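**Q** Input query-v3.csv, format and content: CSV, N, CA and C atoms.
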chain,number,residue,atom,x,y,z
A,1,MET,N,-53.6,100.2,-183.5
A,1,MET,CA,-54.6,99.4,-184.2
A,1,MET,C,-56.0,100.1,-184.0
A,2,ASP,N,-56.8,99.8,-185.0
A,2,ASP,CA,-58.2,100.4,-184.8
A,2,ASP,C,-59.1,99.3,-184.3
A,3,LEU,N,-60.4,99.8,-184.0
A,3,LEU,CA,-61.3,98.9,-183.4
A,3,LEU,C,-61.8,97.8,-184.3
A,4,ALA,N,-61.9,98.0,-185.6
A,4,ALA,CA,-62.3,97.0,-186.5
A,4,ALA,C,-61.2,95.9,-186.6
A,5,THR,N,-60.0,96.2,-186.6
A,5,THR,CA,-58.9,95.2,-186.6
A,5,THR,C,-58.9,94.4,-185.3
A,6,LEU,N,-59.0,95.2,-184.2
A,6,LEU,CA,-59.1,94.5,-182.9
A,6,LEU,C,-60.3,93.6,-182.8
A,7,SER,N,-61.4,94.0,-183.3
A,7,SER,CA,-62.6,93.1,-183.3
A,7,SER,C,-62.4,91.9,-184.1
A,8,ARG,N,-61.8,92.0,-185.3
A,8,ARG,CA,-61.5,90.8,-186.1
A,8,ARG,C,-60.5,89.9,-185.3
A,9,GLU,N,-59.5,90.4,-184.7
A,9,GLU,CA,-58.5,89.6,-184.0
A,9,GLU,C,-59.2,89.0,-182.8
A,10,TRP,N,-60.1,89.7,-182.1
A,10,TRP,CA,-60.8,89.1,-180.9
A,10,TRP,C,-61.7,87.9,-181.4
A,11,LEU,N,-62.4,88.1,-182.5
A,11,LEU,CA,-63.2,87.0,-183.0
A,11,LEU,C,-62.4,85.8,-183.3
A,12,THR,N,-61.2,86.0,-183.9
A,12,THR,CA,-60.3,84.9,-184.3
A,12,THR,C,-59.8,84.2,-183.0
A,13,ALA,N,-59.4,85.0,-182.0
A,13,ALA,CA,-58.9,84.5,-180.7
A,13,ALA,C,-60.0,83.7,-180.0
A,14,LYS,N,-61.2,84.2,-180.1
A,14,LYS,CA,-62.4,83.5,-179.4
A,14,LYS,C,-62.7,82.2,-180.1
A,15,ALA,N,-62.6,82.1,-181.4
A,15,ALA,CA,-62.8,80.9,-182.1
A,15,ALA,C,-61.7,79.9,-181.8
A,16,THR,N,-60.5,80.4,-181.8
A,16,THR,CA,-59.3,79.5,-181.4
A,16,THR,C,-59.5,78.9,-180.0
A,17,GLU,N,-59.9,79.8,-179.1
A,17,GLU,CA,-60.1,79.4,-177.7
A,17,GLU,C,-61.2,78.3,-177.6
A,18,ALA,N,-62.3,78.5,-178.3
A,18,ALA,CA,-63.4,77.5,-178.3
A,18,ALA,C,-63.0,76.2,-178.8
A,19,ALA,N,-62.2,76.2,-179.9
A,19,ALA,CA,-61.7,75.0,-180.6
A,19,ALA,C,-60.8,74.3,-179.6
A,20,ALA,N,-59.9,75.0,-179.0
A,20,ALA,CA,-58.9,74.4,-178.1
A,20,ALA,C,-59.6,73.8,-176.9
A,21,GLN,N,-60.6,74.5,-176.4
A,21,GLN,CA,-61.4,73.9,-175.2
A,21,GLN,C,-62.1,72.7,-175.6
A,22,ALA,N,-62.7,72.6,-176.8
A,22,ALA,CA,-63.4,71.4,-177.3
A,22,ALA,C,-62.4,70.3,-177.4
A,23,ASP,N,-61.2,70.6,-178.0
A,23,ASP,CA,-60.2,69.6,-178.2
A,23,ASP,C,-59.7,69.0,-176.9
A,24,ARG,N,-59.5,69.9,-175.9
A,24,ARG,CA,-59.0,69.5,-174.6
A,24,ARG,C,-60.0,68.6,-173.9
A,25,ARG,N,-61.3,69.0,-174.0
A,25,ARG,CA,-62.3,68.2,-173.4
A,25,ARG,C,-62.5,66.8,-174.0
A,26,THR,N,-62.3,66.7,-175.3
A,26,THR,CA,-62.3,65.4,-176.0
A,26,THR,C,-61.2,64.5,-175.5
A,27,ILE,N,-60.0,65.1,-175.4
A,27,ILE,CA,-58.9,64.4,-174.9
A,27,ILE,C,-59.1,63.9,-173.4
A,28,GLU,N,-59.6,64.8,-172.6
A,28,GLU,CA,-59.9,64.5,-171.2
A,28,GLU,C,-60.9,63.3,-171.1
A,29,ASP,N,-61.9,63.4,-171.9
A,29,ASP,CA,-62.9,62.3,-171.9
A,29,ASP,C,-62.3,60.9,-172.3
A,30,GLN,N,-61.4,61.0,-173.3
A,30,GLN,CA,-60.7,59.7,-173.7
A,30,GLN,C,-59.8,59.2,-172.6
A,31,MET,N,-59.1,60.2,-171.9
A,31,MET,CA,-58.2,59.8,-170.8
A,31,MET,C,-59.0,59.2,-169.6
A,32,ARG,N,-60.1,59.9,-169.3
A,32,ARG,CA,-61.0,59.4,-168.3
A,32,ARG,C,-61.4,58.0,-168.5
A,33,SER,N,-61.8,57.7,-169.8
A,33,SER,CA,-62.2,56.4,-170.2
A,33,SER,C,-61.0,55.3,-170.0
A,34,LEU,N,-59.8,55.7,-170.5
A,34,LEU,CA,-58.7,54.8,-170.4
A,34,LEU,C,-58.3,54.5,-168.9
A,35,ILE,N,-58.4,55.6,-168.1
A,35,ILE,CA,-58.0,55.4,-166.7
A,35,ILE,C,-59.1,54.6,-165.9
A,36,GLY,N,-60.4,54.7,-166.4
A,36,GLY,CA,-61.5,54.0,-165.8
A,36,GLY,C,-62.1,54.9,-164.7
A,37,VAL,N,-62.1,56.2,-164.9
A,37,VAL,CA,-62.7,57.1,-163.9
A,37,VAL,C,-64.2,57.1,-164.1
A,38,PRO,N,-64.9,56.8,-163.0
A,38,PRO,CA,-66.4,56.8,-163.1
A,38,PRO,C,-66.9,58.2,-163.2
A,39,GLU,N,-68.0,58.4,-163.8
A,39,GLU,CA,-68.6,59.7,-163.9
A,39,GLU,C,-69.0,60.3,-162.6
A,40,THR,N,-69.2,59.4,-161.6
A,40,THR,CA,-69.6,59.8,-160.3
A,40,THR,C,-68.4,60.0,-159.3
A,41,LEU,N,-67.2,60.1,-159.9
A,41,LEU,CA,-66.0,60.3,-159.0
A,41,LEU,C,-66.2,61.5,-158.2
A,42,GLU,N,-66.0,61.3,-156.9
A,42,GLU,CA,-65.9,62.5,-156.0
A,42,GLU,C,-64.6,62.3,-155.2
A,43,GLY,N,-63.7,63.1,-155.5
A,43,GLY,CA,-62.3,62.9,-154.9
A,43,GLY,C,-61.3,62.9,-156.0
A,44,VAL,N,-60.2,62.2,-155.7
A,44,VAL,CA,-59.0,62.2,-156.6
A,44,VAL,C,-58.7,60.8,-156.9
A,45,THR,N,-58.3,60.6,-158.2
A,45,THR,CA,-57.7,59.3,-158.6
A,45,THR,C,-56.5,59.7,-159.5
A,46,LYS,N,-55.5,58.8,-159.5
A,46,LYS,CA,-54.3,59.1,-160.2
A,46,LYS,C,-53.9,58.0,-161.1
A,47,ALA,N,-53.1,58.4,-162.1
A,47,ALA,CA,-52.6,57.4,-163.0
A,47,ALA,C,-51.2,57.9,-163.3
A,48,ALA,N,-50.3,56.9,-163.7
A,48,ALA,CA,-48.9,57.3,-163.9
A,48,ALA,C,-48.4,56.5,-165.2
A,49,PRO,N,-48.8,56.9,-166.4
A,49,PRO,CA,-48.2,56.3,-167.5
A,49,PRO,C,-46.8,56.8,-167.7
A,50,ASP,N,-46.0,56.1,-168.6
A,50,ASP,CA,-44.6,56.5,-168.8
A,50,ASP,C,-44.4,58.0,-168.9
A,51,GLY,N,-43.6,58.5,-167.9
A,51,GLY,CA,-43.2,59.9,-168.0
A,51,GLY,C,-44.3,60.9,-167.6
A,52,TYR,N,-45.4,60.5,-167.1
A,52,TYR,CA,-46.5,61.4,-166.8
A,52,TYR,C,-47.1,61.1,-165.5
A,53,GLU,N,-47.6,62.0,-164.8
A,53,GLU,CA,-48.5,61.8,-163.6
A,53,GLU,C,-49.8,62.5,-163.9
A,54,ILE,N,-50.8,61.8,-163.8
A,54,ILE,CA,-52.2,62.3,-164.1
A,54,ILE,C,-53.0,62.3,-162.8
A,55,LYS,N,-53.5,63.4,-162.5
A,55,LYS,CA,-54.4,63.5,-161.3
A,55,LYS,C,-55.7,64.0,-161.8
A,56,VAL,N,-56.8,63.2,-161.5
A,56,VAL,CA,-58.1,63.6,-161.9
A,56,VAL,C,-58.9,63.8,-160.7
A,57,THR,N,-59.5,65.0,-160.6
A,57,THR,CA,-60.3,65.4,-159.4
A,57,THR,C,-61.8,65.5,-159.9
A,58,GLY,N,-62.6,64.7,-159.3
A,58,GLY,CA,-64.0,64.7,-159.6
A,58,GLY,C,-64.8,65.4,-158.5
A,59,ARG,N,-65.8,66.1,-159.0
A,59,ARG,CA,-66.7,66.8,-158.1
A,59,ARG,C,-68.2,66.5,-158.4
A,60,ILE,N,-69.0,66.5,-157.4
A,60,ILE,CA,-70.4,66.4,-157.6
A,60,ILE,C,-71.0,67.7,-157.3
A,61,ASP,N,-71.7,68.4,-158.2
A,61,ASP,CA,-72.3,69.6,-158.0
A,61,ASP,C,-73.6,69.4,-157.3
A,62,ARG,N,-73.8,70.0,-156.2
A,62,ARG,CA,-75.1,69.8,-155.4
A,62,ARG,C,-75.8,71.2,-155.3
A,63,LYS,N,-77.1,71.2,-155.5
A,63,LYS,CA,-77.9,72.4,-155.3
A,63,LYS,C,-79.0,72.0,-154.3
A,64,VAL,N,-79.3,73.0,-153.5
A,64,VAL,CA,-80.3,72.8,-152.4
A,64,VAL,C,-81.5,73.7,-152.7
A,65,ASP,N,-82.6,73.1,-152.7
A,65,ASP,CA,-83.9,73.8,-152.8
A,65,ASP,C,-84.2,74.3,-151.4
A,66,SER,N,-83.9,75.5,-151.1
A,66,SER,CA,-84.1,76.0,-149.7
A,66,SER,C,-85.5,75.8,-149.2
A,67,GLU,N,-86.5,76.2,-150.0
A,67,GLU,CA,-87.9,76.1,-149.5
A,67,GLU,C,-88.2,74.6,-149.3
A,68,LYS,N,-87.9,73.7,-150.2
A,68,LYS,CA,-88.2,72.3,-150.0
A,68,LYS,C,-87.5,71.7,-148.8
A,69,LEU,N,-86.2,72.1,-148.6
A,69,LEU,CA,-85.5,71.6,-147.5
A,69,LEU,C,-86.1,72.0,-146.2
A,70,GLN,N,-86.5,73.3,-146.1
A,70,GLN,CA,-87.1,73.7,-144.8
A,70,GLN,C,-88.5,73.1,-144.6
A,71,GLU,N,-89.2,72.8,-145.7
A,71,GLU,CA,-90.5,72.1,-145.6
A,71,GLU,C,-90.3,70.7,-145.1
A,72,LEU,N,-89.3,70.0,-145.7
A,72,LEU,CA,-89.1,68.6,-145.3
A,72,LEU,C,-88.6,68.5,-143.9
A,73,ALA,N,-87.7,69.5,-143.5
A,73,ALA,CA,-87.1,69.4,-142.1
A,73,ALA,C,-88.2,69.7,-141.1
A,74,ALA,N,-89.2,70.6,-141.4
A,74,ALA,CA,-90.3,70.9,-140.5
A,74,ALA,C,-91.2,69.7,-140.4
A,75,GLU,N,-91.5,69.0,-141.5
A,75,GLU,CA,-92.3,67.8,-141.4
A,75,GLU,C,-91.7,66.7,-140.6
A,76,ALA,N,-90.3,66.6,-140.7
A,76,ALA,CA,-89.6,65.5,-139.9
A,76,ALA,C,-89.2,65.9,-138.6
A,77,GLY,N,-89.5,67.2,-138.2
A,77,GLY,CA,-89.0,67.7,-136.9
A,77,GLY,C,-87.5,67.9,-136.8
A,78,LEU,N,-86.9,68.2,-137.9
A,78,LEU,CA,-85.4,68.3,-137.9
A,78,LEU,C,-84.9,69.7,-138.2
A,79,SER,N,-85.8,70.7,-138.0
A,79,SER,CA,-85.4,72.1,-138.3
A,79,SER,C,-84.2,72.5,-137.5
A,80,ASP,N,-84.0,72.0,-136.3
A,80,ASP,CA,-82.9,72.4,-135.5
A,80,ASP,C,-81.5,72.0,-136.1
A,81,HIS,N,-81.5,71.0,-137.0
A,81,HIS,CA,-80.3,70.5,-137.6
A,81,HIS,C,-79.8,71.4,-138.8
A,82,LEU,N,-80.7,72.1,-139.3
A,82,LEU,CA,-80.4,72.9,-140.5
A,82,LEU,C,-79.2,73.8,-140.4
A,83,PRO,N,-79.1,74.6,-139.3
A,83,PRO,CA,-77.9,75.5,-139.3
A,83,PRO,C,-76.6,74.8,-139.2
A,84,ASN,N,-76.5,73.5,-138.8
A,84,ASN,CA,-75.3,72.8,-138.7
A,84,ASN,C,-75.0,72.1,-140.0
A,85,LEU,N,-76.0,71.7,-140.7
A,85,LEU,CA,-75.9,70.9,-142.0
A,85,LEU,C,-75.8,71.8,-143.2
A,86,PHE,N,-76.3,73.0,-143.2
A,86,PHE,CA,-76.4,73.8,-144.3
A,86,PHE,C,-76.0,75.3,-144.0
A,87,ARG,N,-75.5,76.0,-145.1
A,87,ARG,CA,-75.2,77.4,-145.0
A,87,ARG,C,-76.2,78.1,-145.8
A,88,TRP,N,-76.7,79.2,-145.3
A,88,TRP,CA,-77.6,80.0,-146.1
A,88,TRP,C,-76.8,81.2,-146.5
A,89,LYS,N,-76.7,81.4,-147.8
A,89,LYS,CA,-75.9,82.5,-148.4
A,89,LYS,C,-76.9,83.6,-148.9
A,90,PRO,N,-77.0,84.7,-148.2
A,90,PRO,CA,-77.8,85.8,-148.7
A,90,PRO,C,-77.3,86.3,-150.0
A,91,GLU,N,-78.1,86.6,-151.0
A,91,GLU,CA,-77.7,87.2,-152.2
A,91,GLU,C,-78.6,88.5,-152.4
A,92,LEU,N,-77.9,89.5,-152.9
A,92,LEU,CA,-78.6,90.8,-153.1
A,92,LEU,C,-79.5,90.7,-154.3
A,93,ASN,N,-80.8,91.1,-154.0
A,93,ASN,CA,-81.8,91.3,-155.1
A,93,ASN,C,-81.7,92.7,-155.5
A,94,LEU,N,-80.8,93.0,-156.5
A,94,LEU,CA,-80.5,94.4,-156.8
A,94,LEU,C,-81.7,95.2,-157.3
A,95,THR,N,-82.6,94.6,-158.0
A,95,THR,CA,-83.8,95.3,-158.4
A,95,THR,C,-84.6,95.8,-157.3
A,96,VAL,N,-84.9,95.0,-156.3
A,96,VAL,CA,-85.6,95.4,-155.1
A,96,VAL,C,-84.8,96.3,-154.2
A,97,TRP,N,-83.5,96.1,-154.1
A,97,TRP,CA,-82.6,96.9,-153.4
A,97,TRP,C,-82.7,98.4,-153.9
A,98,LYS,N,-82.6,98.5,-155.2
A,98,LYS,CA,-82.6,99.9,-155.8
A,98,LYS,C,-84.0,100.6,-155.6
A,99,ALA,N,-85.0,99.8,-155.4
A,99,ALA,CA,-86.4,100.3,-155.3
A,99,ALA,C,-86.8,100.6,-153.8
A,100,THR,N,-85.9,100.1,-152.9
A,100,THR,CA,-86.2,100.2,-151.5
A,100,THR,C,-85.8,101.6,-150.9
A,101,ASP,N,-86.5,102.0,-149.9
A,101,ASP,CA,-86.3,103.3,-149.3
A,101,ASP,C,-84.8,103.4,-148.8
A,102,LYS,N,-84.2,104.5,-149.1
A,102,LYS,CA,-82.8,104.7,-148.8
A,102,LYS,C,-82.5,104.6,-147.3
A,103,SER,N,-83.5,104.9,-146.4
A,103,SER,CA,-83.2,104.7,-145.0
A,103,SER,C,-83.0,103.3,-144.6
A,104,ILE,N,-83.6,102.4,-145.4
A,104,ILE,CA,-83.4,100.9,-145.1
A,104,ILE,C,-82.0,100.5,-145.7
A,105,THR,N,-81.8,100.8,-147.0
A,105,THR,CA,-80.6,100.3,-147.7
A,105,THR,C,-79.3,100.9,-147.1
A,106,ASP,N,-79.4,102.2,-146.6
A,106,ASP,CA,-78.3,102.8,-146.0
A,106,ASP,C,-77.9,102.1,-144.7
A,107,ALA,N,-78.9,101.7,-144.0
A,107,ALA,CA,-78.6,101.0,-142.7
A,107,ALA,C,-78.0,99.6,-142.9
A,108,LEU,N,-78.3,99.0,-144.1
A,108,LEU,CA,-77.8,97.6,-144.4
A,108,LEU,C,-76.5,97.6,-145.3
A,109,SER,N,-76.2,98.7,-145.9
A,109,SER,CA,-75.1,98.7,-146.9
A,109,SER,C,-73.8,98.4,-146.3
A,110,GLY,N,-73.6,98.5,-145.0
A,110,GLY,CA,-72.3,98.1,-144.4
A,110,GLY,C,-72.0,96.7,-144.5
A,111,ALA,N,-73.0,95.9,-144.8
A,111,ALA,CA,-72.8,94.4,-144.9
A,111,ALA,C,-72.5,94.0,-146.4
A,112,ILE,N,-72.4,94.9,-147.3
A,112,ILE,CA,-72.3,94.6,-148.7
A,112,ILE,C,-71.0,95.2,-149.2
A,113,THR,N,-70.2,94.4,-149.9
A,113,THR,CA,-69.0,94.9,-150.5
A,113,THR,C,-69.3,94.7,-152.0
A,114,ALA,N,-68.7,95.6,-152.8
A,114,ALA,CA,-68.9,95.6,-154.2
A,114,ALA,C,-67.6,95.9,-154.9
A,115,LYS,N,-67.2,95.1,-155.9
A,115,LYS,CA,-66.0,95.4,-156.6
A,115,LYS,C,-66.3,95.1,-158.1
A,116,PRO,N,-65.7,95.9,-159.0
A,116,PRO,CA,-66.0,95.7,-160.4
A,116,PRO,C,-65.4,94.4,-160.9
A,117,GLY,N,-66.1,93.7,-161.7
A,117,GLY,CA,-65.6,92.5,-162.3
A,117,GLY,C,-65.1,92.8,-163.7
A,118,ARG,N,-64.5,91.7,-164.3
A,118,ARG,CA,-64.0,91.9,-165.6
A,118,ARG,C,-65.1,92.0,-166.6
A,119,PRO,N,-65.1,93.0,-167.5
A,119,PRO,CA,-66.2,93.2,-168.4
A,119,PRO,C,-66.2,92.0,-169.4
A,120,SER,N,-67.4,91.6,-169.9
A,120,SER,CA,-67.5,90.6,-170.9
A,120,SER,C,-67.7,91.3,-172.2
A,121,PHE,N,-67.3,90.7,-173.3
A,121,PHE,CA,-67.5,91.2,-174.6
A,121,PHE,C,-68.2,90.2,-175.5
A,122,ALA,N,-69.0,90.7,-176.3
A,122,ALA,CA,-69.7,89.9,-177.4
A,122,ALA,C,-69.5,90.7,-178.7
A,123,ILE,N,-68.9,90.1,-179.6
A,123,ILE,CA,-68.7,90.8,-180.9
A,123,ILE,C,-69.2,90.0,-182.0
A,124,THR,N,-70.1,90.5,-182.8
A,124,THR,CA,-70.6,89.8,-183.9
A,124,THR,C,-70.3,90.5,-185.2
A,125,PRO,N,-69.8,89.8,-186.2
A,125,PRO,CA,-69.5,90.5,-187.5
A,125,PRO,C,-70.8,90.9,-188.2
A,126,LYS,N,-70.7,92.1,-188.8
A,126,LYS,CA,-71.9,92.5,-189.6
A,126,LYS,C,-71.8,91.8,-191.0
A,127,GLU,N,-72.9,91.3,-191.5
A,127,GLU,CA,-72.9,90.6,-192.7
A,127,GLU,C,-73.3,91.5,-193.9
Let's see the structure in the file written out as structure tokens.
**A**
Amino acid sequence: MDLATLSREWLTAKATEAAAQADRRTIEDQMRSLIGVPETLEGVTKAAPDGYEIKVTGRIDRKVDSEKLQELAAEAGLSDHLPNLFRWKPELNLTVWKATDKSITDALSGAITAKPGRPSFAITPKE
């Protein structure tokens, strides 16, 4: 197969995937409503209609504003509790890392692992 044919097939598969995902989510929303699952569910709820077992797991996504948290903890005298209640996850600032002197990055590079991820594709048909 040539790249033009594969590009066409990829676009078709991507559209089919998006439609299937939208359909699945619509069905899940209807099921959630019928089961009576609150939007704020955190944990598991189950239903067992004839011949099926449905398990719905709800999650609450939480994000922490690190600077605000440290500020509030300092104001309340609670800074000592932060290491037990929260995890600080260092993330590599690649732009600064690449611009930093090699004597510094070489000394720290042992703490960093890197592995290639799956490449992403974006294909748009020419009109």
**Q** Mind the document's chain letters and residue numbers, and return as a list in words the residues of chain A that DSSP labels strand (DSSP E).
**A** Gly43, Val44, Thr45, Lys46, Ala47, Ile54, Lys55, Val56, Thr57 and Gly58 of chain A
**Q** Write out as a ChimeraX atom specification the residues lying within 7 Å of Ile60 (chain A), counting only N, CA and C atoms and excluding same-chain residues fewer than 2 positions away.
**A** /A:40-43,58,62
**Q** State, in Å with one decimal place, the distance from atom C of Ile35 (chain A) to atom N of Arg59 (chain A).
**A**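 Between atom C of Ile35 (chain A) and atom N of Arg59 (chain A) the gap works out to 15.0 Å.
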**Q** Using only C-alpha atoms, determine which residues lie at most 12 Å from Ile54 (chain A), disregarding the query and same-chain residues fewer than 2 positions distant; provide the list as a count of residues only.
**A** 17
**Q** So how far away is CA of Asp29 (chain A) from CA of Lys14 (chain A), in Å?
**A**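 Going from CA of Lys14 (chain A) over to CA of Asp29 (chain A), I get 22.5 Å.
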**Q** Which of these residues is nearest to Ala15 (chain A), using only C-alpha atoms: A:Ile104, A:Ile112, A:Val96, A:Ile123?
**A** A:Ile123
**Q** What separation in Å, quoted to one decimal, exists between atom N of Lys126 (chain A) and atom N of Ala18 (chain A)?
**A** 19.1 Å
**Q** Show me, as number ranges by chain, the residues that have an atom within 8 Å of region 78-87 of chain A when counting all atoms listed in the file, minus same-chain residues fewer than 6 positions from it.
**A** A: 69-70, 72
